[in-house]
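Peer 1: Got a structure for you, entry_5.tsv, holding TSV, C-alpha atoms and all ligand atoms.
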chain	number	residue	atom	x	y	z
V	1	MET	CA	-42.37	21.29	-74.81
V	2	ILE	CA	-45.45	20.36	-76.83
V	3	LYS	CA	-47.98	19.09	-74.34
V	4	PHE	CA	-50.27	16.23	-75.30
V	5	PHE	CA	-53.26	18.36	-74.39
V	6	ASP	CA	-52.72	21.84	-72.96
V	7	LEU	CA	-55.74	22.28	-70.69
V	8	GLN	CA	-54.55	25.60	-69.34
V	9	ARG	CA	-54.41	27.02	-72.86
V	10	ILE	CA	-57.85	25.54	-73.67
V	11	THR	CA	-59.46	27.04	-70.56
V	12	SER	CA	-57.91	30.47	-71.04
V	13	SER	CA	-59.16	30.52	-74.64
V	14	PHE	CA	-62.70	30.77	-73.20
V	15	GLU	CA	-61.89	33.78	-71.04
V	16	PRO	CA	-63.15	36.23	-69.95
V	17	GLN	CA	-66.62	34.76	-70.59
V	18	LEU	CA	-65.93	31.58	-68.62
V	19	SER	CA	-64.97	33.34	-65.38
V	20	THR	CA	-67.81	35.82	-65.70
V	21	GLU	CA	-70.38	33.05	-66.05
V	22	VAL	CA	-68.88	30.93	-63.26
V	23	GLN	CA	-68.84	33.97	-60.95
V	24	ARG	CA	-72.48	34.66	-61.76
V	25	VAL	CA	-73.47	31.15	-60.64
V	26	VAL	CA	-71.22	31.29	-57.56
V	27	SER	CA	-72.99	34.50	-56.54
V	28	SER	CA	-76.44	33.08	-57.22
V	29	GLY	CA	-76.31	30.73	-54.21
V	30	TRP	CA	-77.92	27.87	-56.22
V	31	TYR	CA	-75.61	24.93	-57.05
V	32	LEU	CA	-77.67	21.80	-57.74
V	33	LEU	CA	-80.83	20.93	-59.66
V	34	GLY	CA	-81.33	24.38	-61.10
V	35	GLU	CA	-81.72	26.39	-64.28
V	36	GLU	CA	-78.15	26.03	-65.48
V	37	VAL	CA	-78.42	22.25	-65.76
V	38	ALA	CA	-81.84	22.50	-67.42
V	39	LYS	CA	-80.45	25.00	-69.92
V	40	PHE	CA	-77.45	22.86	-70.80
V	41	GLU	CA	-79.56	19.68	-71.06
V	42	LYS	CA	-81.84	21.40	-73.56
V	43	ALA	CA	-78.95	22.77	-75.61
V	44	PHE	CA	-77.06	19.49	-75.65
V	45	ALA	CA	-80.14	17.41	-76.61
V	46	GLU	CA	-80.70	19.83	-79.50
V	47	TYR	CA	-77.04	19.67	-80.48
V	48	CYS	CA	-77.32	15.86	-80.68
V	49	ASP	CA	-80.63	16.07	-82.63
V	50	SER	CA	-82.18	14.16	-79.78
V	51	THR	CA	-85.18	14.88	-77.57
V	52	HIS	CA	-83.85	14.17	-74.06
V	53	CYS	CA	-80.64	14.85	-72.18
V	54	VAL	CA	-80.10	14.04	-68.50
V	55	GLY	CA	-77.02	15.56	-66.89
V	56	VAL	CA	-75.17	13.17	-64.56
V	57	ALA	CA	-71.94	13.15	-62.58
V	58	ASN	CA	-69.59	11.49	-65.11
V	59	GLY	CA	-69.40	9.23	-68.16
V	60	LEU	CA	-69.14	5.99	-66.21
V	61	ASP	CA	-72.37	6.82	-64.36
V	62	ALA	CA	-74.07	7.77	-67.63
V	63	LEU	CA	-73.34	4.32	-69.09
V	64	THR	CA	-74.23	2.50	-65.86
V	65	LEU	CA	-77.51	4.40	-65.43
V	66	ILE	CA	-78.66	3.54	-68.97
V	67	LEU	CA	-78.07	-0.17	-68.33
V	68	LYS	CA	-79.66	-0.07	-64.88
V	69	ALA	CA	-82.67	1.74	-66.31
V	70	TRP	CA	-83.09	-0.88	-69.02
V	71	ARG	CA	-82.86	-3.58	-66.34
V	72	GLU	CA	-85.74	-1.93	-64.49
V	73	MET	CA	-87.78	-1.29	-67.62
V	74	TYR	CA	-87.37	-4.70	-69.24
V	75	GLY	CA	-86.79	-6.97	-66.25
V	76	TRP	CA	-83.32	-8.10	-67.28
V	77	HIS	CA	-81.54	-10.51	-64.93
V	78	THR	CA	-78.12	-10.61	-63.35
V	79	GLY	CA	-75.80	-12.28	-65.81
V	80	ASP	CA	-77.62	-11.09	-68.93
V	81	GLU	CA	-75.06	-10.13	-71.52
V	82	VAL	CA	-73.90	-6.92	-73.16
V	83	ILE	CA	-71.44	-7.09	-76.06
V	84	VAL	CA	-68.66	-4.48	-75.84
V	85	PRO	CA	-65.39	-3.89	-77.70
V	86	ALA	CA	-62.41	-5.54	-75.98
V	87	ASN	CA	-60.10	-2.60	-76.76
V	88	THR	CA	-62.19	0.18	-75.23
V	89	TYR	CA	-61.32	2.30	-72.22
V	90	ILE	CA	-62.15	0.12	-69.21
V	91	ALA	CA	-65.01	2.41	-68.07
V	92	SER	CA	-67.25	1.04	-70.84
V	93	ILE	CA	-66.77	-2.46	-69.46
V	94	LEU	CA	-67.00	-1.44	-65.80
V	95	SER	CA	-70.43	0.07	-66.42
V	96	ILE	CA	-71.76	-3.33	-67.52
V	97	SER	CA	-70.32	-5.04	-64.43
V	98	ARG	CA	-71.68	-2.29	-62.19
V	99	ALA	CA	-75.16	-2.84	-63.62
V	100	GLY	CA	-74.90	-6.52	-62.64
V	101	LEU	CA	-74.69	-7.63	-66.28
V	102	THR	CA	-71.99	-9.67	-68.01
V	103	PRO	CA	-69.62	-7.94	-70.45
V	104	ILE	CA	-68.89	-10.04	-73.56
V	105	LEU	CA	-65.66	-8.84	-75.12
V	106	CYS	CA	-65.68	-8.36	-78.87
V	107	GLU	CA	-62.54	-8.06	-80.99
V	108	PRO	CA	-62.40	-4.82	-82.99
V	109	ASN	CA	-61.72	-4.43	-86.68
V	110	GLU	CA	-58.01	-4.47	-87.33
V	111	ASP	CA	-57.97	-1.38	-89.59
V	112	ASP	CA	-60.07	1.14	-87.64
V	113	ALA	CA	-59.97	-0.45	-84.14
V	114	LEU	CA	-63.79	-0.21	-83.92
V	115	ILE	CA	-66.40	-2.80	-82.98
V	116	CYS	CA	-68.25	-4.08	-86.06
V	117	ALA	CA	-71.27	-6.23	-86.96
V	118	THR	CA	-69.16	-9.07	-88.37
V	119	ASN	CA	-67.42	-9.60	-85.05
V	120	ILE	CA	-70.55	-9.02	-82.96
V	121	GLU	CA	-72.79	-11.59	-84.63
V	122	PRO	CA	-71.01	-14.80	-83.47
V	123	LEU	CA	-71.12	-13.56	-79.85
V	124	ILE	CA	-74.91	-13.21	-79.69
V	125	THR	CA	-76.61	-15.76	-77.39
V	126	SER	CA	-80.06	-16.16	-75.87
V	127	ARG	CA	-78.84	-14.02	-72.94
V	128	THR	CA	-77.60	-11.09	-75.02
V	129	ARG	CA	-79.62	-7.97	-74.28
V	130	ALA	CA	-77.62	-5.09	-75.73
V	131	ILE	CA	-74.65	-3.99	-77.80
V	132	MET	CA	-72.43	-1.22	-76.47
V	133	VAL	CA	-70.72	0.54	-79.35
V	134	VAL	CA	-67.77	2.79	-78.57
V	135	HIS	CA	-66.89	5.50	-81.07
V	136	LEU	CA	-63.27	5.04	-80.09
V	137	TYR	CA	-60.71	7.82	-80.68
V	138	GLY	CA	-63.53	9.99	-82.06
V	139	GLN	CA	-64.52	7.85	-85.06
V	140	VAL	CA	-68.10	6.63	-85.51
V	141	CYS	CA	-68.70	2.87	-85.81
V	142	GLN	CA	-70.41	1.44	-88.91
V	143	MET	CA	-73.85	1.92	-87.41
V	144	ASP	CA	-76.08	0.69	-90.26
V	145	ASP	CA	-74.69	-2.85	-90.03
V	146	ILE	CA	-74.75	-2.81	-86.23
V	147	ARG	CA	-78.34	-1.56	-86.09
V	148	THR	CA	-79.43	-4.20	-88.59
V	149	ILE	CA	-77.96	-6.99	-86.46
V	150	ALA	CA	-79.45	-5.48	-83.31
V	151	ARG	CA	-82.88	-5.33	-84.90
V	152	GLN	CA	-82.66	-8.91	-86.19
V	153	HIS	CA	-81.85	-10.20	-82.71
V	154	GLY	CA	-84.04	-7.81	-80.69
V	155	LEU	CA	-81.08	-6.11	-78.98
V	156	LEU	CA	-80.77	-2.56	-77.71
V	157	VAL	CA	-77.85	-0.37	-78.77
V	158	VAL	CA	-76.09	1.98	-76.37
V	159	GLU	CA	-73.47	4.38	-77.73
V	160	ASP	CA	-70.45	5.24	-75.62
V	161	CYS	CA	-69.84	8.74	-77.00
V	162	ALA	CA	-67.21	9.75	-74.44
V	163	GLN	CA	-64.65	10.31	-77.21
V	164	ALA	CA	-66.92	11.43	-80.03
V	165	HIS	CA	-68.90	14.59	-79.14
V	166	GLY	CA	-70.20	16.05	-82.39
V	167	ALA	CA	-69.11	13.28	-84.77
V	168	LEU	CA	-71.49	12.60	-87.66
V	169	TYR	CA	-72.66	9.41	-89.33
V	170	LYS	CA	-74.36	9.95	-92.70
V	171	GLY	CA	-75.38	13.41	-91.56
V	172	ALA	CA	-76.69	12.34	-88.13
V	173	ARG	CA	-74.98	13.12	-84.84
V	174	VAL	CA	-73.67	10.52	-82.46
V	175	GLY	CA	-75.98	10.41	-79.47
V	176	ALA	CA	-78.99	9.64	-81.63
V	177	LEU	CA	-77.63	6.66	-83.58
V	178	GLY	CA	-78.74	3.99	-81.11
V	179	ASP	CA	-81.36	3.63	-78.36
V	180	ALA	CA	-79.38	5.67	-75.83
V	181	ALA	CA	-76.01	7.37	-75.56
V	182	ALA	CA	-73.60	8.22	-72.78
V	183	PHE	CA	-71.29	11.22	-72.80
V	184	SER	CA	-68.39	12.11	-70.55
V	185	PHE	CA	-67.35	15.73	-70.05
V	186	TYR	CA	-64.09	14.85	-68.28
V	187	PRO	CA	-61.79	17.87	-68.81
V	188	GLY	CA	-59.72	16.17	-71.52
V	189	LYS	CA	-62.68	15.20	-73.75
V	190	ASN	CA	-63.64	17.18	-76.87
V	191	LEU	CA	-66.29	18.93	-74.76
V	192	GLY	CA	-64.86	19.09	-71.26
V	193	ALA	CA	-65.96	20.56	-67.93
V	194	LEU	CA	-63.65	21.84	-65.20
V	195	GLY	CA	-64.05	18.62	-63.28
V	196	ASP	CA	-66.23	15.53	-63.69
V	197	ALA	CA	-69.50	15.65	-65.60
V	198	GLY	CA	-71.54	13.48	-67.95
V	199	ALA	CA	-74.87	13.06	-69.70
V	200	VAL	CA	-77.35	10.53	-71.02
V	201	VAL	CA	-78.95	11.38	-74.37
V	202	THR	CA	-81.95	9.51	-75.79
V	203	ASN	CA	-85.15	9.84	-77.78
V	204	ASP	CA	-86.89	7.46	-75.37
V	205	ARG	CA	-88.94	9.44	-72.85
V	206	THR	CA	-89.39	6.52	-70.47
V	207	LEU	CA	-85.69	5.80	-70.43
V	208	ALA	CA	-84.87	9.47	-69.77
V	209	ARG	CA	-87.33	9.54	-66.87
V	210	THR	CA	-85.99	6.31	-65.40
V	211	VAL	CA	-82.38	7.49	-65.65
V	212	ARG	CA	-83.29	10.77	-63.98
V	213	THR	CA	-85.02	8.91	-61.17
V	214	LEU	CA	-82.20	6.39	-60.68
V	215	ALA	CA	-79.64	9.21	-60.60
V	216	ASN	CA	-81.63	10.94	-57.84
V	217	TYR	CA	-81.65	8.16	-55.19
V	218	GLY	CA	-84.33	6.33	-57.17
V	219	SER	CA	-86.75	9.09	-56.26
V	220	ARG	CA	-89.08	11.05	-58.51
V	221	GLU	CA	-91.14	12.58	-55.76
V	222	LYS	CA	-89.22	13.93	-52.78
V	223	TYR	CA	-88.81	11.33	-49.97
V	224	VAL	CA	-90.53	8.64	-52.05
V	225	ASN	CA	-88.09	6.05	-53.40
V	226	GLN	CA	-89.09	3.84	-56.28
V	227	TYR	CA	-85.66	2.24	-56.91
V	228	GLN	CA	-82.40	1.67	-55.03
V	229	GLY	CA	-80.86	4.55	-56.93
V	230	ILE	CA	-77.62	6.48	-56.68
V	231	ASN	CA	-76.67	10.13	-56.39
V	232	SER	CA	-75.23	11.18	-59.74
V	233	ARG	CA	-75.87	14.79	-60.64
V	234	LEU	CA	-74.43	17.34	-63.00
V	235	ASP	CA	-73.94	20.47	-60.90
V	236	GLU	CA	-74.82	24.03	-61.82
V	237	LEU	CA	-71.20	25.22	-62.10
V	238	GLN	CA	-70.13	22.44	-64.47
V	239	ALA	CA	-73.32	22.91	-66.52
V	240	THR	CA	-72.46	26.61	-66.87
V	241	VAL	CA	-68.93	25.80	-68.02
V	242	LEU	CA	-70.35	23.36	-70.59
V	243	SER	CA	-72.87	25.93	-71.83
V	244	VAL	CA	-70.02	28.39	-72.43
V	245	LYS	CA	-67.99	25.78	-74.31
V	246	LEU	CA	-70.69	23.99	-76.36
V	247	PRO	CA	-71.14	26.74	-79.00
V	248	ARG	CA	-67.48	26.33	-80.02
V	249	LEU	CA	-67.50	22.52	-80.20
V	250	ASP	CA	-68.01	22.27	-83.97
V	251	ALA	CA	-65.26	24.82	-84.66
V	252	ASP	CA	-62.94	23.01	-82.23
V	253	ASN	CA	-63.65	19.69	-83.95
V	254	ASP	CA	-62.94	21.34	-87.33
V	255	ARG	CA	-59.56	22.48	-86.05
V	256	ARG	CA	-58.81	18.94	-84.85
V	257	ARG	CA	-59.70	17.61	-88.33
V	258	GLN	CA	-57.46	20.22	-89.93
V	259	ILE	CA	-54.52	19.10	-87.80
V	260	ALA	CA	-55.30	15.43	-88.50
V	261	ARG	CA	-55.35	16.18	-92.24
V	262	ARG	CA	-51.94	17.80	-92.01
V	263	TYR	CA	-50.56	14.83	-90.07
V	264	ILE	CA	-51.94	12.35	-92.59
V	265	ARG	CA	-50.74	14.33	-95.61
V	266	ASN	CA	-47.30	15.18	-94.32
V	267	ILE	CA	-46.17	12.33	-92.12
V	268	SER	CA	-44.41	9.87	-94.32
V	269	ASN	CA	-42.39	7.29	-92.50
V	270	PRO	CA	-42.61	3.62	-93.48
V	271	LEU	CA	-42.28	2.68	-89.80
V	272	VAL	CA	-45.38	4.64	-88.79
V	273	GLN	CA	-48.90	3.75	-89.90
V	274	MET	CA	-51.48	6.54	-90.10
V	275	PRO	CA	-55.02	5.97	-88.76
V	276	CYS	CA	-57.77	4.97	-91.16
V	277	VAL	CA	-60.43	7.67	-91.60
V	278	HIS	CA	-63.77	6.53	-93.01
V	279	THR	CA	-65.20	10.01	-93.57
V	280	TRP	CA	-63.87	13.34	-92.38
V	281	LEU	CA	-67.12	14.43	-90.69
V	282	GLY	CA	-67.38	11.02	-89.08
V	283	HIS	CA	-64.26	11.62	-87.05
V	284	VAL	CA	-63.65	14.25	-84.36
V	285	PHE	CA	-60.11	13.10	-83.51
V	286	HIS	CA	-60.44	12.94	-79.76
V	287	VAL	CA	-57.01	11.39	-80.14
V	288	PHE	CA	-54.81	10.95	-83.20
V	289	THR	CA	-53.45	7.43	-83.04
V	290	VAL	CA	-50.65	6.06	-85.16
V	291	ARG	CA	-49.37	2.51	-85.09
V	292	CYS	CA	-45.76	1.46	-84.97
V	293	GLN	CA	-44.19	-1.93	-84.30
V	294	ARG	CA	-41.43	-0.18	-82.36
V	295	ARG	CA	-43.92	1.95	-80.48
V	296	ASP	CA	-41.84	2.43	-77.33
V	297	ASP	CA	-38.82	3.58	-79.39
V	298	LEU	CA	-41.01	6.04	-81.27
V	299	GLN	CA	-42.40	7.40	-78.03
V	300	GLN	CA	-38.89	7.86	-76.60
V	301	HIS	CA	-37.73	9.53	-79.80
V	302	LEU	CA	-40.61	12.04	-79.59
V	303	THR	CA	-40.04	12.66	-75.88
V	304	LYS	CA	-36.42	13.58	-76.67
V	305	GLN	CA	-37.75	16.14	-79.17
V	306	ASP	CA	-40.00	17.64	-76.47
V	307	ILE	CA	-43.22	16.09	-77.75
V	308	GLN	CA	-45.52	14.52	-75.19
V	309	THR	CA	-47.44	11.45	-76.40
V	310	LEU	CA	-49.79	9.01	-74.67
V	311	ILE	CA	-50.84	5.40	-75.15
V	312	HIS	CA	-54.60	4.74	-75.44
V	313	TYR	CA	-54.30	2.24	-73.80
V	314	PRO	CA	-51.23	0.36	-72.55
V	315	ILE	CA	-52.99	-2.65	-70.94
V	316	PRO	CA	-56.16	-4.17	-72.42
V	317	PRO	CA	-59.05	-4.67	-69.96
V	318	HIS	CA	-58.83	-8.49	-70.18
V	319	LYS	CA	-55.23	-8.31	-68.91
V	320	GLN	CA	-56.08	-6.07	-65.95
V	321	GLN	CA	-56.03	-7.38	-62.40
V	322	ALA	CA	-59.60	-6.12	-62.05
V	323	TYR	CA	-60.72	-8.78	-64.53
V	324	ALA	CA	-58.48	-11.71	-63.57
V	325	GLU	CA	-61.21	-14.10	-64.78
V	326	TRP	CA	-60.40	-13.02	-68.36
V	327	HIS	CA	-56.63	-13.52	-68.26
V	328	HIS	CA	-56.89	-16.77	-70.22
V	329	LEU	CA	-58.68	-15.07	-73.14
V	330	SER	CA	-56.76	-14.66	-76.35
V	331	LEU	CA	-57.76	-11.51	-78.22
V	332	PRO	CA	-54.94	-11.06	-80.73
V	333	VAL	CA	-56.24	-7.97	-82.53
V	334	THR	CA	-56.90	-6.14	-79.26
V	335	GLU	CA	-53.50	-7.15	-77.88
V	336	ARG	CA	-51.69	-6.04	-81.05
V	337	ILE	CA	-53.46	-2.66	-80.99
V	338	HIS	CA	-52.42	-2.12	-77.38
V	339	ARG	CA	-48.81	-2.98	-78.25
V	340	GLU	CA	-48.55	-0.74	-81.31
V	341	ILE	CA	-50.73	2.28	-80.67
V	342	LEU	CA	-49.41	5.78	-79.90
V	343	SER	CA	-51.36	9.04	-79.68
V	344	LEU	CA	-49.77	12.22	-81.05
V	345	PRO	CA	-50.72	15.62	-79.61
V	346	ILE	CA	-53.89	17.07	-81.11
V	347	SER	CA	-56.06	19.86	-79.72
V	348	PRO	CA	-57.88	22.93	-80.96
V	349	VAL	CA	-55.29	25.23	-79.39
V	350	MET	CA	-52.19	23.70	-81.01
V	351	THR	CA	-50.35	26.15	-83.26
V	352	ASP	CA	-49.31	25.42	-86.85
V	353	ASP	CA	-45.65	25.53	-85.79
V	354	GLU	CA	-46.27	22.90	-83.14
V	355	VAL	CA	-48.03	20.68	-85.67
V	356	GLN	CA	-45.08	21.05	-88.04
V	357	HIS	CA	-42.65	20.17	-85.27
V	358	VAL	CA	-44.56	16.93	-84.59
V	359	ILE	CA	-44.59	16.08	-88.32
V	360	ASP	CA	-40.83	16.65	-88.64
V	361	ALA	CA	-40.09	14.65	-85.52
V	362	VAL	CA	-42.14	11.63	-86.65
V	363	ASN	CA	-40.60	11.81	-90.12
V	364	ASN	CA	-37.04	11.67	-88.77
V	365	PHE	CA	-37.65	8.59	-86.62
V	366	LEU	CA	-35.39	5.77	-87.83
A	1	LIG	C1	-63.60	8.86	-70.66
A	1	LIG	C2	-64.33	7.66	-71.05
A	1	LIG	C3	-65.35	7.10	-70.27
A	1	LIG	C4	-65.61	7.51	-68.84
A	1	LIG	O1	-65.94	8.82	-68.64
A	1	LIG	P1	-65.72	9.46	-67.17
A	1	LIG	O2	-66.43	10.76	-67.25
A	1	LIG	O3	-64.24	9.61	-66.98
A	1	LIG	O4	-66.33	8.54	-66.18
A	1	LIG	C5	-66.09	6.06	-70.76
A	1	LIG	N1	-65.83	5.54	-71.98
A	1	LIG	C6	-64.83	6.01	-72.76
A	1	LIG	C7	-64.61	5.40	-74.10
A	1	LIG	C8	-64.04	7.07	-72.33
A	1	LIG	O5	-63.06	7.52	-73.11
I need this file expressed as structure tokens, please.
Ligand SMILES: *Cc1c(COP(=O)(O)O)cnc(C)c1O
Peer 2:
Amino acid sequence: MIKFFDLQRITSSFEPQLSTEVQRVVSSGWYLLGEEVAKFEKAFAEYCDSTHCVGVANGLDALTLILKAWREMYGWHTGDEVIVPANTYIASILSISRAGLTPILCEPNEDDALICATNIEPLITSRTRAIMVVHLYGQVCQMDDIRTIARQHGLLVVEDCAQAHGALYKGARVGALGDAAAFSFYPGKNLGALGDAGAVVTNDRTLARTVRTLANYGSREKYVNQYQGINSRLDELQATVLSVKLPRLDADNDRRRQIARRYIRNISNPLVQMPCVHTWLGHVFHVFTVRCQRRDDLQQHLTKQDIQTLIHYPIPPHKQQAYAEWHHLSLPVTERIHREILSLPISPVMTDDEVQHVIDAVNNFL
């Protein structure tokens, strides 16, 4: 059986260092707000070529805290709008709702499934405050065009980098391409903890301070509360795990690209469309998505050949019960993507034989 993502194999590939480091922190007796988090925050900010990193509890909180901080800093009102791709993972959209702002769904580009300036521009109103770009599947959005539009209309740009750790745009890392960025270190992400974890990355000192305060009950000074904050912390154990794994992130992403290259070169089946890749360094292949009009048949065919695949994602956010007020919306590109998309296994620990097996299986789908 070829697993979609073999977490056990990933974790054991970091042994024995991982267990040694975790044991050291367990023995230390210090589990929150300590040196391990500070060390990881410094390393991750540097990795992203950014000046500030604030560790938080998960990716959803990272996004929410950025928006809440901007609300505090700029006096935004309930109902102010944030433009977000309609085909993203629902967490991106939930963060906007949680911050008391209104998500405005934007159709993606048909070819790369990413949000783009052309589709953003007609959605901008006098209430628009920010654009949330999502580097979906691991591929960076066309940031020059998006930043130009944002600047013209006085909008802030937040990057949802939950699927794109380490991806590059014209030589610059994601995380420093907008005004702030949110990362998730959910175990299945390209940089994953052994549980939930996340981070906010930014070059804006005031934003970093505000996020840190909001994530700590709205308190900067103990027992003095400036905001109605939340408790969202990265803990010392998860920070230690991330510090062990970060130095291998670029090599792991290279291995993902290598596998993606082999898929693209060797899969040749007129029924299956390969993903579009703008630049190789601009893609870290969090998932490798193909498109197929008979997607469910293809998935069944691969399951029969012992290959586990996933759908990212089966139901678009505007068709979810959680957002019943959007059920009337017609978003044809988003809906088509959700109908046709299928993710093949890809991970740094997949063997060449496994990759070949996937290629053969896709090629003999009729
Ligand atoms: C995983 C993910 C998130 C949420 O991260 P969590 O750590 O699971 O809260 C947000 N946005 C996107 C695009 C994601 O893939």
Peer 1: In Å, how far is it from atom CA of Ile149 of chain V to atom CA of Thr128 of chain V?
Peer 2: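 The value is 12.2 Å.
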Peer 1: Return as a PyMOL selection string every polymer residue, whether protein, DNA or RNA, with at least one atom no more than 7 Å from an atom of ligand LIG 1 (chain A); count only C-alpha atoms and all ligand atoms.
Peer 2: chain V and resi 58-61+88-89+91-92+134+136+160-163+184-186+196-198
Peer 1: Pick out the closest residue to Ile307 of chain V from this set: V:Gln356, V:Ser219, V:Ser268, V:Thr148. Count all atoms listed in the file.
Peer 2: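 Closest candidate: V:Gln356.
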Peer 1: Have a look at atom CA of Gln308 of chain V and atom CA of Ile2 of chain V and let me know their distance in Å, one decimal.
Peer 2: 6.1 Å
Peer 1: Write out as an NGL selection string each polymer residue whose atoms come within 9 Å of Lys170 of chain V, counting all atoms listed in the file; drop sequence neighbours fewer than 2 positions from it.
Peer 2: :V and (168 or 172-173 or 281-282)
Peer 1: V:Ala239, V:Ile264, V:Ala69, V:Val362: which is nearest Val37 of chain V, counting all atoms listed in the file?
Peer 2: V:Ala239
Peer 1: Need the shell around Val22 of chain V: protein/DNA/RNA residues with any atom at most 9 Å away, counting all atoms listed in the file. Skip same-chain ones fewer than 4 positions apart. Format as an MDAnalysis selection string?
Peer 2: chainID V and resid 17:18 26:27 237:238 240:241
Peer 1: Quick one: write out the picked residues with C-alpha atoms as an mmCIF file, in the frame of the given file?
Peer 2:
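For reference, again02.cif as written:
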data_model
loop_
_atom_site.group_PDB
_atom_site.id
_atom_site.type_symbol
_atom_site.label_atom_id
_atom_site.label_comp_id
_atom_site.auth_asym_id
_atom_site.auth_seq_id
_atom_site.Cartn_x
_atom_site.Cartn_y
_atom_site.Cartn_z
ATOM 1 C CA GLN V 17 -66.620 34.760 -70.590
ATOM 2 C CA LEU V 18 -65.930 31.580 -68.620
ATOM 3 C CA VAL V 26 -71.220 31.290 -57.560
ATOM 4 C CA SER V 27 -72.990 34.500 -56.540
ATOM 5 C CA LEU V 237 -71.200 25.220 -62.100
ATOM 6 C CA GLN V 238 -70.130 22.440 -64.470
ATOM 7 C CA THR V 240 -72.460 26.610 -66.870
ATOM 8 C CA VAL V 241 -68.930 25.800 -68.020
#
Peer 1: Have a look at atom CA of Trp70 of chain V and atom CA of Asn216 of chain V and let me know their distance in Å, one decimal.
Peer 2: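 Pair atom CA of Trp70 of chain V / atom CA of Asn216 of chain V returns 16.3 Å.
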Peer 1: Between V:Leu32, V:Leu94, V:Ile359, V:Ala182, which has the minimum distance to His52 of chain V (counting all atoms listed in the file)?
Peer 2: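 Among the listed residues, the smallest separation from His52 of chain V belongs to V:Ala182.
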Peer 1: Can you list, as a short mmCIF file (atom, residue, chain, number, x, y, z; two decimals) with C-alpha atoms, in the frame of the given file, every protein, DNA or RNA residue that comes within 7 Å of segment 74-81 of chain V when you count all atoms listed in the file, leaving out same-chain residues fewer than 4 positions away?
Peer 2:
data_model
loop_
_atom_site.label_atom_id
_atom_site.label_comp_id
_atom_site.auth_asym_id
_atom_site.auth_seq_id
_atom_site.Cartn_x
_atom_site.Cartn_y
_atom_site.Cartn_z
CA TRP V 70 -83.09 -0.88 -69.02
CA GLY V 100 -74.90 -6.52 -62.64
CA LEU V 101 -74.69 -7.63 -66.28
CA THR V 102 -71.99 -9.67 -68.01
CA PRO V 103 -69.62 -7.94 -70.45
CA ILE V 104 -68.89 -10.04 -73.56
CA ARG V 127 -78.84 -14.02 -72.94
CA THR V 128 -77.60 -11.09 -75.02
CA ARG V 129 -79.62 -7.97 -74.28
#
Peer 1: Pick out the residues sitting within 8 Å of Leu207 of chain V, and hand them over as a list in words; count all atoms listed in the file, and ignore anything fewer than 2 positions along from it in its own chain.
Peer 2: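 Listing them by chain and then by number gives Ile66, Ala69, Trp70, Met73, Thr202, Asp204, Arg205, Arg209, Thr210 and Val211 of chain V.
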Peer 1: Output C-alpha atoms of each residue in that selection to a file, as a PDB file, in the frame of the given file.
Peer 2:
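Output file selection-v7.pdb follows:
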ATOM      1  CA  ILE V  66     -78.660   3.540 -68.970  1.00  0.00           C
ATOM      2  CA  ALA V  69     -82.670   1.740 -66.310  1.00  0.00           C
ATOM      3  CA  TRP V  70     -83.090  -0.880 -69.020  1.00  0.00           C
ATOM      4  CA  MET V  73     -87.780  -1.290 -67.620  1.00  0.00           C
ATOM      5  CA  THR V 202     -81.950   9.510 -75.790  1.00  0.00           C
ATOM      6  CA  ASP V 204     -86.890   7.460 -75.370  1.00  0.00           C
ATOM      7  CA  ARG V 205     -88.940   9.440 -72.850  1.00  0.00           C
ATOM      8  CA  ARG V 209     -87.330   9.540 -66.870  1.00  0.00           C
ATOM      9  CA  THR V 210     -85.990   6.310 -65.400  1.00  0.00           C
ATOM     10  CA  VAL V 211     -82.380   7.490 -65.650  1.00  0.00           C
TER      11      VAL V 211
END
Peer 1: So which one's closest to Ile315 of chain V, V:Ala86, V:Val244, V:Leu234, V:Ala43? Using all atoms listed in the file, please.
Peer 2: V:Ala86
Peer 1: Near Val333 of chain V, within 10 Å and counting only C-alpha atoms, which residues show up once chain neighbours fewer than 3 positions away are dropped, as a ChimeraX atom specification?
Peer 2: /V:86-87,107-111,113,330,336-339
